$ cat structure_3.txt   # compact mmCIF, C-alpha atoms
# COMPACT_ATOMS: atom_id res chain seq x y z
CA MET A 372 151.61 -62.61 -18.79
CA GLN A 373 149.33 -59.57 -18.61
CA ILE A 374 150.23 -56.34 -20.43
CA ASP A 375 149.29 -53.02 -18.85
CA PRO A 376 147.53 -51.03 -21.61
CA GLY A 377 148.51 -47.82 -19.88
CA ARG A 378 152.17 -48.46 -20.59
CA TYR A 379 151.30 -48.50 -24.27
CA LEU A 380 148.41 -46.04 -24.59
CA ASP A 381 149.28 -43.30 -22.09
CA PRO A 382 151.50 -40.58 -23.70
CA ASP A 383 153.02 -39.84 -20.29
CA ARG A 384 154.08 -43.46 -19.70
CA ASN A 385 154.77 -45.02 -23.11
CA ALA A 386 158.13 -43.51 -24.05
CA ILE A 387 159.81 -46.92 -24.05
CA THR A 388 157.52 -48.11 -26.88
CA MET A 389 156.70 -44.90 -28.74
CA ILE A 390 160.24 -43.56 -29.19
CA PRO A 391 161.36 -46.72 -31.07
CA ALA A 392 158.06 -46.69 -33.02
CA ILE A 393 158.70 -43.14 -34.25
CA ALA A 394 162.37 -43.90 -35.01
CA LEU A 395 161.58 -47.00 -37.08
CA SER A 396 158.68 -45.23 -38.80
CA MET A 397 161.20 -42.66 -40.02
CA MET A 398 163.21 -45.47 -41.57
CA VAL A 399 160.08 -46.76 -43.31
CA PHE A 400 159.26 -43.29 -44.65
CA ALA A 401 162.78 -42.95 -46.03
CA TYR A 402 163.41 -46.43 -47.42
CA SER A 403 160.16 -48.38 -47.83
CA VAL A 404 160.98 -48.67 -51.55
CA ILE A 405 164.24 -50.40 -50.60
CA PHE A 406 163.02 -52.52 -47.68
CA GLY A 407 159.74 -53.55 -49.35
CA PRO A 408 156.31 -54.59 -48.01
CA ILE A 409 157.68 -56.02 -44.75
CA SER A 410 158.71 -52.54 -43.62
CA VAL A 411 155.24 -51.17 -44.42
CA LEU A 412 153.57 -53.96 -42.43
CA MET A 413 155.91 -53.14 -39.55
CA PHE A 414 154.81 -49.49 -39.76
CA TYR A 415 151.14 -50.51 -39.54
CA GLY A 416 152.01 -52.76 -36.60
CA PHE A 417 153.23 -49.76 -34.63
CA TRP A 418 150.01 -47.73 -34.85
CA LEU A 419 146.92 -49.70 -35.87
CA PRO A 420 146.82 -52.02 -32.79
CA ALA A 421 146.53 -48.95 -30.56
CA PHE A 422 143.34 -47.90 -32.34
CA LEU A 423 141.96 -51.44 -32.07
CA LEU A 424 142.72 -51.48 -28.34
CA ARG A 425 141.21 -48.05 -27.74
CA PRO A 426 139.10 -46.60 -30.59
CA GLN A 427 138.34 -43.61 -28.36
CA LEU A 428 141.75 -42.29 -29.37
CA LEU A 429 140.14 -40.89 -32.52
CA LEU A 430 136.43 -41.18 -31.81
CA ARG A 431 136.51 -38.53 -29.09
CA GLN A 432 136.47 -34.96 -30.39
CA SER A 433 136.62 -36.34 -33.90
CA GLY A 434 135.69 -33.24 -35.95
CA LEU A 435 139.21 -32.43 -37.10
CA VAL A 436 139.99 -36.13 -37.54
CA ILE A 437 137.19 -36.39 -40.10
CA VAL A 438 138.37 -33.25 -41.90
CA LEU A 439 141.95 -34.51 -42.11
CA LEU A 440 140.76 -37.83 -43.54
CA LEU A 441 138.77 -36.01 -46.24
CA ILE A 442 141.70 -35.63 -48.68
CA PRO A 443 142.63 -39.35 -48.70
CA PHE A 444 138.93 -40.20 -48.95
CA VAL A 445 138.54 -38.02 -52.06
CA ALA A 446 141.83 -39.40 -53.42
CA THR A 447 140.53 -42.97 -53.09
CA LEU A 448 137.10 -42.00 -54.43
CA SER A 449 138.76 -40.63 -57.58
CA MET A 450 139.27 -44.22 -58.75
CA PHE A 451 135.76 -43.95 -60.22
CA TRP A 452 136.90 -41.34 -62.76
CA SER A 453 140.63 -42.13 -62.83
CA GLN A 454 142.42 -43.02 -66.06
CA ALA A 455 144.23 -45.69 -64.00
CA PRO A 456 141.62 -46.96 -61.49
CA SER A 457 143.66 -49.73 -59.90
CA THR A 458 146.67 -47.45 -59.39
CA THR A 459 144.46 -44.77 -57.86
CA MET A 460 142.65 -47.17 -55.53
CA ARG A 461 145.88 -48.69 -54.22
CA ALA A 462 147.63 -45.35 -53.76
CA GLY A 463 144.54 -43.77 -52.17
CA ILE A 464 144.25 -46.55 -49.58
CA GLN A 465 147.98 -46.35 -48.83
CA TYR A 466 147.79 -42.56 -48.45
CA GLY A 467 144.70 -42.81 -46.25
CA THR A 468 146.25 -45.35 -43.91
CA THR A 469 149.40 -43.22 -43.60
CA VAL A 470 147.29 -40.21 -42.56
CA PHE A 471 145.23 -42.41 -40.23
CA CYS A 472 148.36 -43.69 -38.49
CA GLY A 473 149.57 -40.11 -38.07
CA LEU A 474 146.29 -39.22 -36.36
CA VAL A 475 146.53 -42.23 -34.05
CA ALA A 476 150.11 -41.24 -33.18
CA ALA A 477 148.97 -37.70 -32.36
CA ARG A 478 146.80 -39.05 -29.55
CA LEU A 479 149.38 -41.65 -28.51
CA VAL A 480 152.77 -39.86 -28.60
CA SER A 481 153.83 -36.76 -26.70
CA VAL A 482 155.66 -34.12 -28.71
CA SER A 483 158.77 -34.60 -26.57
CA ASN A 484 158.82 -38.30 -27.44
CA LEU A 485 158.22 -37.41 -31.10
CA MET A 486 161.34 -35.24 -30.93
CA VAL A 487 163.47 -38.01 -29.41
CA GLY A 488 162.10 -40.69 -31.75
CA GLY A 489 162.50 -38.42 -34.77
CA LEU A 490 166.05 -37.58 -33.71
CA LEU A 491 167.05 -41.24 -33.42
CA GLY A 492 165.16 -42.19 -36.57
CA GLY A 493 166.79 -39.33 -38.47
CA LEU A 494 170.18 -40.56 -37.33
CA LEU A 495 169.42 -44.07 -38.64
CA VAL A 496 168.21 -42.66 -41.97
CA LEU A 497 171.27 -40.47 -42.45
CA LEU A 498 173.72 -43.17 -41.36
CA TYR A 499 172.21 -45.60 -43.86
CA SER A 500 172.72 -43.05 -46.64
CA TRP A 501 176.15 -42.10 -45.32
CA PHE A 502 177.43 -45.64 -45.55
CA ASN A 503 175.71 -46.06 -48.92
CA GLY A 504 177.86 -43.15 -50.05
CA SER A 505 176.25 -42.60 -53.47
CA SER A 506 176.60 -39.38 -55.41
CA ALA A 507 174.70 -38.41 -58.55
CA TYR A 508 175.16 -36.01 -61.44
CA ASP A 509 172.45 -33.35 -61.55
CA VAL A 510 171.83 -32.71 -65.26
CA VAL A 511 169.93 -29.49 -64.56
CA ASP A 512 172.51 -28.04 -62.15
CA GLY A 513 175.49 -29.61 -63.87
CA THR A 514 177.02 -30.70 -60.55
CA TYR A 515 177.71 -33.88 -58.59
CA THR A 516 175.94 -34.08 -55.23
CA PHE A 517 175.72 -36.55 -52.38
CA VAL A 518 172.37 -38.39 -52.56
CA GLY A 519 173.00 -41.43 -50.35
CA ALA A 520 170.48 -44.24 -50.63
CA PHE A 521 167.75 -41.88 -51.87
CA GLY A 522 168.97 -41.09 -55.36
CA SER A 523 167.69 -37.56 -54.69
CA LYS A 524 169.58 -34.73 -53.04
CA ASN A 525 166.32 -33.02 -52.06
CA GLN A 526 165.03 -36.07 -50.19
CA LEU A 527 168.33 -36.49 -48.39
CA GLY A 528 168.35 -32.79 -47.50
CA TYR A 529 164.73 -33.05 -46.36
CA PHE A 530 165.49 -35.77 -43.80
CA ALA A 531 168.62 -33.94 -42.69
CA SER A 532 166.60 -30.77 -42.07
CA LEU A 533 163.95 -32.70 -40.09
CA THR A 534 166.71 -34.27 -37.98
CA ILE A 535 168.19 -30.85 -37.21
CA LEU A 536 164.79 -29.56 -36.07
CA PHE A 537 164.31 -32.62 -33.86
CA ALA A 538 167.78 -31.99 -32.39
CA ILE A 539 166.81 -28.39 -31.58
CA GLY A 540 163.61 -29.63 -29.96
CA VAL A 541 165.46 -32.14 -27.75
CA GLY A 542 168.50 -30.01 -26.96
CA ILE A 543 167.04 -26.52 -26.56
CA ILE A 544 163.25 -26.32 -26.40
CA PHE A 545 162.67 -29.23 -23.99
CA ARG A 546 164.53 -29.68 -20.71
CA ALA A 547 166.17 -32.98 -21.58
CA ILE A 548 168.81 -34.57 -19.39
CA TRP A 549 172.33 -33.42 -20.20
CA GLY A 550 173.35 -36.70 -21.84
CA LEU A 551 170.42 -36.49 -24.24
CA ARG A 552 171.24 -32.87 -25.00
CA LEU A 553 174.81 -33.82 -25.86
CA LEU A 554 173.55 -36.61 -28.12
CA ALA A 555 171.16 -34.17 -29.81
CA ALA A 556 174.00 -31.73 -30.44
CA LEU A 557 176.19 -34.41 -32.01
CA ILE A 558 173.38 -35.74 -34.21
CA GLY A 559 172.45 -32.20 -35.21
CA LEU A 560 176.01 -31.47 -36.31
CA PHE A 561 176.13 -34.70 -38.31
CA ALA A 562 172.79 -33.85 -39.96
CA ALA A 563 174.09 -30.37 -40.81
CA GLN A 564 177.11 -31.93 -42.49
CA VAL A 565 174.86 -34.22 -44.56
CA LEU A 566 172.62 -31.28 -45.44
CA LEU A 567 175.56 -29.27 -46.76
CA MET A 568 176.83 -32.26 -48.72
CA SER A 569 173.41 -32.75 -50.32
CA ASP A 570 173.53 -29.18 -51.70
CA SER A 571 169.74 -28.95 -51.42
CA ALA A 572 168.90 -25.23 -51.44
CA THR A 573 165.22 -26.01 -50.79
CA SER A 574 166.04 -27.86 -47.58
CA VAL A 575 168.53 -25.25 -46.35
CA LEU A 576 166.25 -22.27 -46.90
CA THR A 577 163.13 -23.89 -45.45
CA LEU A 578 165.11 -25.16 -42.45
CA LEU A 579 166.46 -21.67 -41.71
CA PHE A 580 162.92 -20.32 -41.90
CA ALA A 581 161.58 -23.00 -39.51
CA ILE A 582 164.42 -22.47 -37.01
CA GLY A 583 163.72 -18.74 -37.06
CA ILE A 584 160.04 -19.37 -36.34
CA VAL A 585 160.86 -21.70 -33.41
CA PHE A 586 163.10 -19.14 -31.71
CA ILE A 587 160.80 -16.21 -32.46
CA ALA A 588 157.89 -18.16 -30.96
CA ARG A 589 159.99 -19.02 -27.92
CA GLY A 590 160.82 -15.34 -27.40
CA LEU A 591 157.23 -14.22 -27.91
CA PHE A 592 156.04 -16.18 -24.88
CA ALA A 593 158.10 -13.90 -22.65
CA LEU A 594 155.81 -11.01 -23.66
CA PRO A 595 152.45 -10.16 -22.06
CA GLU A 596 149.52 -11.60 -24.01
CA ALA A 597 148.29 -8.31 -25.51
CA LEU A 598 151.79 -7.22 -26.56
CA ARG A 599 152.48 -10.69 -27.98
CA ARG A 600 149.40 -10.53 -30.21
CA LEU A 601 150.37 -7.09 -31.47
CA THR A 602 153.95 -8.25 -32.12
CA ILE A 603 152.72 -11.25 -34.11
CA LEU A 604 150.56 -9.01 -36.33
CA VAL A 605 153.47 -6.60 -36.87
CA LEU A 606 155.87 -9.46 -37.72
CA MET A 607 153.36 -10.92 -40.20
CA ALA A 608 152.91 -7.57 -41.94
CA LEU A 609 156.66 -6.95 -41.94
CA GLY A 610 157.37 -10.42 -43.33
CA LEU A 611 154.85 -9.94 -46.14
CA ALA A 612 156.30 -6.53 -47.01
CA ILE A 613 159.86 -7.90 -47.07
CA ALA A 614 158.80 -10.83 -49.27
CA LEU A 615 157.06 -8.55 -51.79
CA SER A 616 160.00 -6.15 -51.81
CA ALA A 617 162.45 -9.02 -52.30
CA VAL A 618 160.56 -10.18 -55.38
CA GLN A 619 160.28 -6.68 -56.81
CA LEU A 620 163.92 -5.71 -56.16
CA GLY A 621 165.44 -8.99 -57.28
CA ALA A 622 166.58 -10.14 -53.84
CA PHE A 623 165.00 -13.54 -54.44
CA ASP A 624 167.14 -14.04 -57.54
CA ALA A 625 170.21 -12.99 -55.54
CA ILE A 626 169.47 -15.64 -52.91
CA LEU A 627 169.12 -18.26 -55.63
CA SER A 628 172.43 -17.17 -57.14
CA ALA A 629 174.11 -17.57 -53.75
CA PHE A 630 173.05 -21.22 -53.86
CA ASN A 631 174.05 -21.58 -57.53
CA LYS A 632 170.39 -21.88 -58.57
CA ASP A 633 168.86 -20.32 -61.64
CA PRO A 634 165.62 -18.23 -61.60
CA THR A 635 163.64 -21.21 -62.91
CA LEU A 636 164.37 -23.07 -59.63
CA THR A 637 166.21 -25.77 -61.61
CA GLY A 638 163.30 -26.35 -63.96
CA ARG A 639 160.47 -26.16 -61.43
CA THR A 640 158.78 -23.19 -63.11
CA TYR A 641 158.57 -25.18 -66.34
CA LEU A 642 157.06 -28.12 -64.44
CA TRP A 643 154.51 -25.80 -62.82
CA ASN A 644 153.45 -24.44 -66.20
CA ARG A 645 153.10 -27.93 -67.61
CA GLY A 646 151.15 -29.07 -64.57
CA ILE A 647 148.69 -26.19 -64.83
CA THR A 648 148.24 -26.86 -68.54
CA ILE A 649 147.71 -30.60 -68.04
CA GLY A 650 145.35 -30.00 -65.11
CA GLY A 651 143.32 -27.62 -67.25
CA GLU A 652 142.38 -30.52 -69.51
CA ASN A 653 140.33 -32.03 -66.65
CA PRO A 654 139.82 -28.99 -64.44
CA PHE A 655 137.03 -30.14 -62.12
CA LEU A 656 137.95 -33.67 -60.96
CA GLY A 657 141.40 -34.25 -62.47
CA LEU A 658 142.90 -37.43 -63.89
CA GLY A 659 142.64 -39.37 -60.65
CA TYR A 660 144.99 -39.58 -57.68
CA ASN A 661 148.46 -40.79 -58.75
CA ALA A 662 147.09 -41.48 -62.23
CA PHE A 663 149.38 -39.12 -64.14
CA TRP A 664 152.83 -40.53 -63.33
CA ILE A 665 152.30 -44.00 -64.80
CA HIS A 666 154.29 -45.85 -67.43
CA ASP A 667 153.21 -45.49 -71.07
CA HIS A 668 151.28 -42.29 -70.32
CA PRO A 669 152.69 -39.99 -73.06
CA PRO A 670 152.81 -36.67 -71.12
CA ALA A 671 154.50 -38.39 -68.16
CA GLU A 672 156.97 -40.18 -70.41
CA GLU A 673 157.80 -36.87 -72.07
CA LEU A 674 158.55 -35.14 -68.75
CA TRP A 675 160.64 -38.08 -67.55
CA ARG A 676 162.72 -37.80 -70.72
CA GLU A 677 163.09 -34.03 -70.45
CA PHE A 678 164.34 -34.26 -66.86
CA TYR A 679 166.46 -37.38 -67.43
CA ILE A 680 164.45 -39.52 -64.98
CA THR A 681 165.63 -42.84 -66.36
CA GLY A 682 163.91 -44.88 -63.64
CA ARG A 683 160.56 -43.36 -64.67
CA THR A 684 159.40 -43.12 -61.08
CA GLY A 685 159.63 -40.86 -58.03
CA PHE A 686 158.88 -37.63 -59.91
CA HIS A 687 156.19 -34.98 -59.43
CA PHE A 688 155.26 -31.38 -60.27
CA HIS A 689 157.19 -29.94 -57.29
CA ASN A 690 154.18 -28.04 -55.96
CA THR A 691 151.50 -29.51 -53.71
CA LEU A 692 148.54 -27.56 -55.09
CA ILE A 693 149.53 -28.16 -58.72
CA GLU A 694 149.94 -31.89 -58.03
CA ALA A 695 146.47 -31.86 -56.44
CA TYR A 696 145.10 -29.97 -59.46
CA VAL A 697 146.39 -32.57 -61.91
CA GLY A 698 145.18 -35.51 -59.83
CA LEU A 699 141.93 -34.22 -58.30
CA GLY A 700 141.10 -31.03 -60.18
CA MET A 701 139.65 -27.95 -58.50
CA LEU A 702 138.03 -30.21 -55.91
CA GLY A 703 141.47 -31.37 -54.80
CA VAL A 704 142.88 -27.83 -54.90
CA ALA A 705 140.07 -26.60 -52.63
CA ILE A 706 140.53 -29.34 -50.02
CA MET A 707 144.33 -29.37 -50.17
CA GLY A 708 144.31 -25.57 -50.06
CA LEU A 709 142.37 -25.64 -46.79
CA LEU A 710 144.83 -28.18 -45.37
CA THR A 711 147.78 -26.04 -46.45
CA LEU A 712 146.18 -22.90 -45.01
CA SER A 713 145.79 -24.75 -41.70
CA LEU A 714 149.57 -25.04 -41.56
CA LEU A 715 149.63 -21.25 -41.24
CA VAL A 716 146.52 -20.62 -39.15
CA PHE A 717 147.19 -23.25 -36.47
CA PRO A 718 150.74 -22.03 -35.67
CA ILE A 719 149.48 -18.44 -35.39
CA ARG A 720 146.85 -19.61 -32.92
CA VAL A 721 149.55 -21.48 -31.00
CA MET A 722 151.73 -18.39 -30.71
CA MET A 723 148.76 -16.40 -29.39
CA ASN A 724 148.01 -19.12 -26.83
CA ARG A 725 148.92 -18.04 -23.31
CA HIS A 726 149.24 -21.68 -22.17
CA ALA A 727 151.44 -22.84 -25.08
CA THR A 728 154.14 -25.39 -24.27
CA GLY A 729 157.48 -26.26 -25.79
CA GLY A 730 155.66 -28.99 -27.69
CA ALA A 731 153.31 -26.45 -29.24
CA ILE A 732 156.28 -24.33 -30.31
CA MET A 733 157.91 -27.27 -32.08
CA CYS A 734 154.59 -28.19 -33.74
CA ALA A 735 154.31 -24.63 -35.04
CA GLY A 736 157.87 -24.65 -36.40
CA LEU A 737 157.44 -27.99 -38.17
CA SER A 738 154.06 -26.94 -39.59
CA LEU A 739 155.51 -23.80 -41.13
CA LEU A 740 158.39 -25.86 -42.53
CA PHE A 741 155.86 -28.01 -44.40
CA LEU A 742 153.91 -24.92 -45.44
CA VAL A 743 156.94 -23.34 -47.14
CA ARG A 744 158.05 -26.65 -48.65
CA SER A 745 154.58 -27.14 -50.17
CA THR A 746 155.45 -24.50 -52.77
CA VAL A 747 158.28 -26.64 -54.19
CA GLU A 748 157.60 -30.20 -52.95
CA ILE A 749 154.65 -32.54 -52.24
CA ASP A 750 155.66 -33.76 -48.79
CA TYR A 751 152.16 -34.54 -47.46
CA PHE A 752 150.30 -35.76 -50.53
CA THR A 753 151.90 -39.18 -51.05
CA PRO A 754 151.74 -42.53 -49.20
CA TYR A 755 154.34 -43.68 -46.69
CA THR A 756 156.12 -40.34 -46.39
CA ALA A 757 157.13 -38.42 -43.29
CA GLY A 758 155.00 -35.42 -44.28
CA SER A 759 151.79 -37.42 -44.78
CA PHE A 760 152.31 -38.81 -41.25
CA LEU A 761 153.58 -35.67 -39.52
CA VAL A 762 151.21 -33.04 -40.91
CA PRO A 763 148.05 -34.72 -39.51
CA PHE A 764 149.99 -35.38 -36.28
CA LEU A 765 150.95 -31.72 -35.93
CA LEU A 766 147.54 -30.27 -36.77
CA LEU A 767 145.70 -32.59 -34.38
CA LYS A 768 148.25 -31.90 -31.62
CA MET A 769 147.84 -28.13 -32.04
CA SER A 770 144.05 -28.47 -32.09
CA ASP A 771 144.11 -30.48 -28.86
CA SER A 772 146.44 -27.87 -27.36
CA ARG A 773 144.01 -25.14 -28.32
CA ARG A 774 141.14 -27.06 -26.75
CA LEU A 775 143.15 -27.45 -23.56
CA GLU A 776 143.86 -23.72 -23.56
CA LYS A 777 140.15 -22.98 -23.59
CA THR A 778 139.65 -25.13 -20.52
CA LEU A 779 142.45 -23.27 -18.74
CA LYS A 780 141.65 -19.73 -19.86
CA ARG A 781 140.33 -18.77 -16.43
CA LYS A 782 143.47 -20.00 -14.71
CA PRO A 783 146.67 -17.95 -14.39
CA ALA A 784 149.28 -18.73 -17.04
CA GLN A 785 152.12 -20.95 -15.90
CA PRO A 786 155.24 -22.03 -17.78
CA ASN A 787 154.82 -25.61 -18.92
CA GLN A 788 157.66 -27.29 -20.74
CA PRO A 789 157.42 -31.04 -20.19
CA ARG A 790 160.58 -32.91 -19.34
CA ILE A 791 161.55 -35.66 -21.75
CA VAL A 792 161.22 -39.11 -20.26
CA ALA A 793 164.64 -40.77 -20.10
CA VAL A 794 164.61 -44.32 -21.44

$ encode --input "structure_3.txt" --output "structure tokens"
Amino acid sequence: MQIDPGRYLDPDRNAITMIPAIALSMMVFAYSVIFGPISVLMFYGFWLPAFLLRPQLLLRQSGLVIVLLLIPFVATLSMFWSQAPSTTMRAGIQYGTTVFCGLVAARLVSVSNLMVGGLLGGLLVLLYSWFNGSSAYDVVDGTYTFVGAFGSKNQLGYFASLTILFAIGVGIIFRAIWGLRLLAALIGLFAAQVLLMSDSATSVLTLLFAIGIVFIARGLFALPEALRRLTILVLMALGLAIALSAVQLGAFDAILSAFNKDPTLTGRTYLWNRGITIGGENPFLGLGYNAFWIHDHPPAEELWREFYITGRTGFHFHNTLIEAYVGLGMLGVAIMGLLTLSLLVFPIRVMMNRHATGGAIMCAGLSLLFLVRSTVEIDYFTPYTAGSFLVPFLLLKMSDSRRLEKTLKRKPAQPNQPRIVAV
């Protein structure tokens, strides 16, 4: 039996394999701790064979690929000065392979198929937690919240918010068949219910921001190019002014109060201060990637006790740059800062692109979701997580879209919203 590589490697023809691969990868990102090494090997099996079959996937136009692999390379390299070398080496390799698989997927999966796969994968993740049915007492908030199989309301809310965005992509941005749109609507409603039950203010606020960006971007493409550019600049200036005014006038505290959150963001400001202080003890190269949160390390044990983390795992400084500062020092902050800045610059370039597609709009919305979340979470700085897979995927997709735009700049603009392949 001979297998046609095109059915596997061509983004326009491989929906039947790539949609399940994305869906099951979402399950691995959510529950690899529960399912164990077999699930991780399955994840590698989805993406690494494609690179072995066609290395040109990443070797062509590889400049951005190399840049995006720089952070995991430095993370792995930090084993030479880490206080826990074996932990750093293992985590660095795991992080690097997660990013690598995301880059392979960017050249292998269309954005429309990412939306469908993410939608189905999100449904599986949420159903697993729904039937698990666990709730937990939040010592900081003093409330009981639904956490499902995660043990964390923020992680549950995170996957619910991703699922809602995927539902919007399938049901509204792309011209899916009506049956798929109906399915997207039902899954989106279910995800919204889970999100509300999780009581994760971080997930709700960042989701609302991302949805706003998606629909603003969609409306902007109806404007002439010159007017669109001017509108984007005005919206950016207006957004910055509103944000500064909100902080000065106390509107930010009012928003937190509406979600029953205190001004310390349920202890995050204390964690940030501690992280900056701890990072300052090794300011240039840090303690080593993933070398702080290890058992019998006194500062980590102290923070686990203070925040009632009895399992002594799955905790962090709730800020991507601060986590990078503790692990990799100013070197890590510089590289991670450039990556984080790209999550703002690339979407702006997309919205100024006269040949932008529905896929580019969804990439921009998801990128800005991760940008905002980076201030309170570390979604794309850990192994086997959706963010560490999706952020490289999104940036490479937007870069390829920009390159395509340059080749088409002499041609008249035409609407281009690819139809989702029905499986």

$ atom_distance --input "structure_3.txt" --atom1 "atom CA of A:Ile437" --atom2 "atom CA of A:Met733"
24.0 Å

$ closest_residue --input "structure_3.txt" --among "A:Gly522, A:Gly703, A:Gly489, A:Thr573" --to "A:Gly685" --atoms "all atoms listed in the file"
A:Gly522

$ residues_around --input "structure_3.txt" --residues "A:Ala476" --least-positions-apart "5" --cutoff "9 Å" --atoms "only C-alpha atoms" --output "PDB file with C-alpha atoms, in the frame of the given file"
ATOM      1  CA  MET A 389     156.700 -44.900 -28.740  1.00  0.00           C
ATOM      2  CA  ILE A 393     158.700 -43.140 -34.250  1.00  0.00           C
ATOM      3  CA  TRP A 418     150.010 -47.730 -34.850  1.00  0.00           C
ATOM      4  CA  ALA A 421     146.530 -48.950 -30.560  1.00  0.00           C
ATOM      5  CA  PHE A 471     145.230 -42.410 -40.230  1.00  0.00           C
ATOM      6  CA  SER A 481     153.830 -36.760 -26.700  1.00  0.00           C
ATOM      7  CA  PHE A 760     152.310 -38.810 -41.250  1.00  0.00           C
ATOM      8  CA  PHE A 764     149.990 -35.380 -36.280  1.00  0.00           C
TER       9      PHE A 764
END

$ closest_residue --input "structure_3.txt" --among "A:Val541, A:Leu566, A:Thr469, A:Met722" --to "A:Thr602" --atoms "all atoms listed in the file"
A:Met722

$ residues_near_point --input "structure_3.txt" --point "(137.2, -35.5, -35.7)" --cutoff "12 Å" --atoms "all atoms listed in the file" --output "MDAnalysis selection string"
chainID A and resid 427:441 471 474:475 478 763 766:767 770:771

$ atom_distance --input "structure_3.txt" --atom1 "atom CA of A:Ala562" --atom2 "atom CA of A:Val585"
18.2 Å

$ closest_residue --input "structure_3.txt" --among "A:Ser738, A:Gln454, A:Asn724, A:Ser396" --to "A:Ser410" --atoms "all atoms listed in the file"
A:Ser396

$ closest_residue --input "structure_3.txt" --among "A:Ala727, A:Leu494, A:Val470, A:Cys734" --to "A:Leu591" --atoms "all atoms listed in the file"
A:Ala727

$ atom_distance --input "structure_3.txt" --atom1 "atom CA of A:Ala597" --atom2 "atom CA of A:Ala614"
26.1 Å

$ closest_residue --input "structure_3.txt" --among "A:Gly504, A:Gly736, A:Pro408, A:Gly651" --to "A:Leu579" --atoms "only C-alpha atoms"
A:Gly736

$ closest_residue --input "structure_3.txt" --among "A:Ala555, A:Leu615, A:Leu527, A:Leu702" --to "A:Gly659" --atoms "all atoms listed in the file"
A:Leu702

$ residues_around --input "structure_3.txt" --residues "A:Leu497" --least-positions-apart "4" --cutoff "8 Å" --atoms "all atoms listed in the file" --output "list of chain:residue names"
A:Gly493, A:Trp501, A:Leu527, A:Phe530, A:Ala531, A:Ala562, A:Val565

$ axis_aligned_box --input "structure_3.txt" --around "stretch 646-652 of chain A" --padding-each-side "8 Å" --output "lines of an AutoDock Vina configuration file"
center_x = 146.8
center_y = -28.4
center_z = -67.0
size_x = 24.8
size_y = 20.4
size_z = 20.9

$ residues_around --input "structure_3.txt" --residues "A:Trp675" --least-positions-apart "2" --cutoff "12 Å" --atoms "only C-alpha atoms" --output "JSON, numbers by chain"
{"A": [642, 663, 664, 665, 666, 667, 668, 669, 670, 671, 672, 673, 677, 678, 679, 680, 681, 682, 683, 684, 685, 686, 687, 688]}

$ residues_around --input "structure_3.txt" --residues "stretch 459-461 of chain A" --least-positions-apart "5" --cutoff "9 Å" --atoms "all atoms listed in the file" --output "list of chain:residue names"
A:Ala446, A:Thr447, A:Leu448, A:Ser449, A:Met450, A:Phe451, A:Ser453, A:Gln454, A:Tyr466, A:Gly659, A:Tyr660, A:Asn661, A:Ala662

$ residues_around --input "structure_3.txt" --residues "stretch 745-754 of chain A" --least-positions-apart "6" --cutoff "9 Å" --atoms "only C-alpha atoms" --output "PyMOL selection string"
chain A and resi 400+442-443+462-470+573+636+639+661+687-692+694-695+707+711+760-763
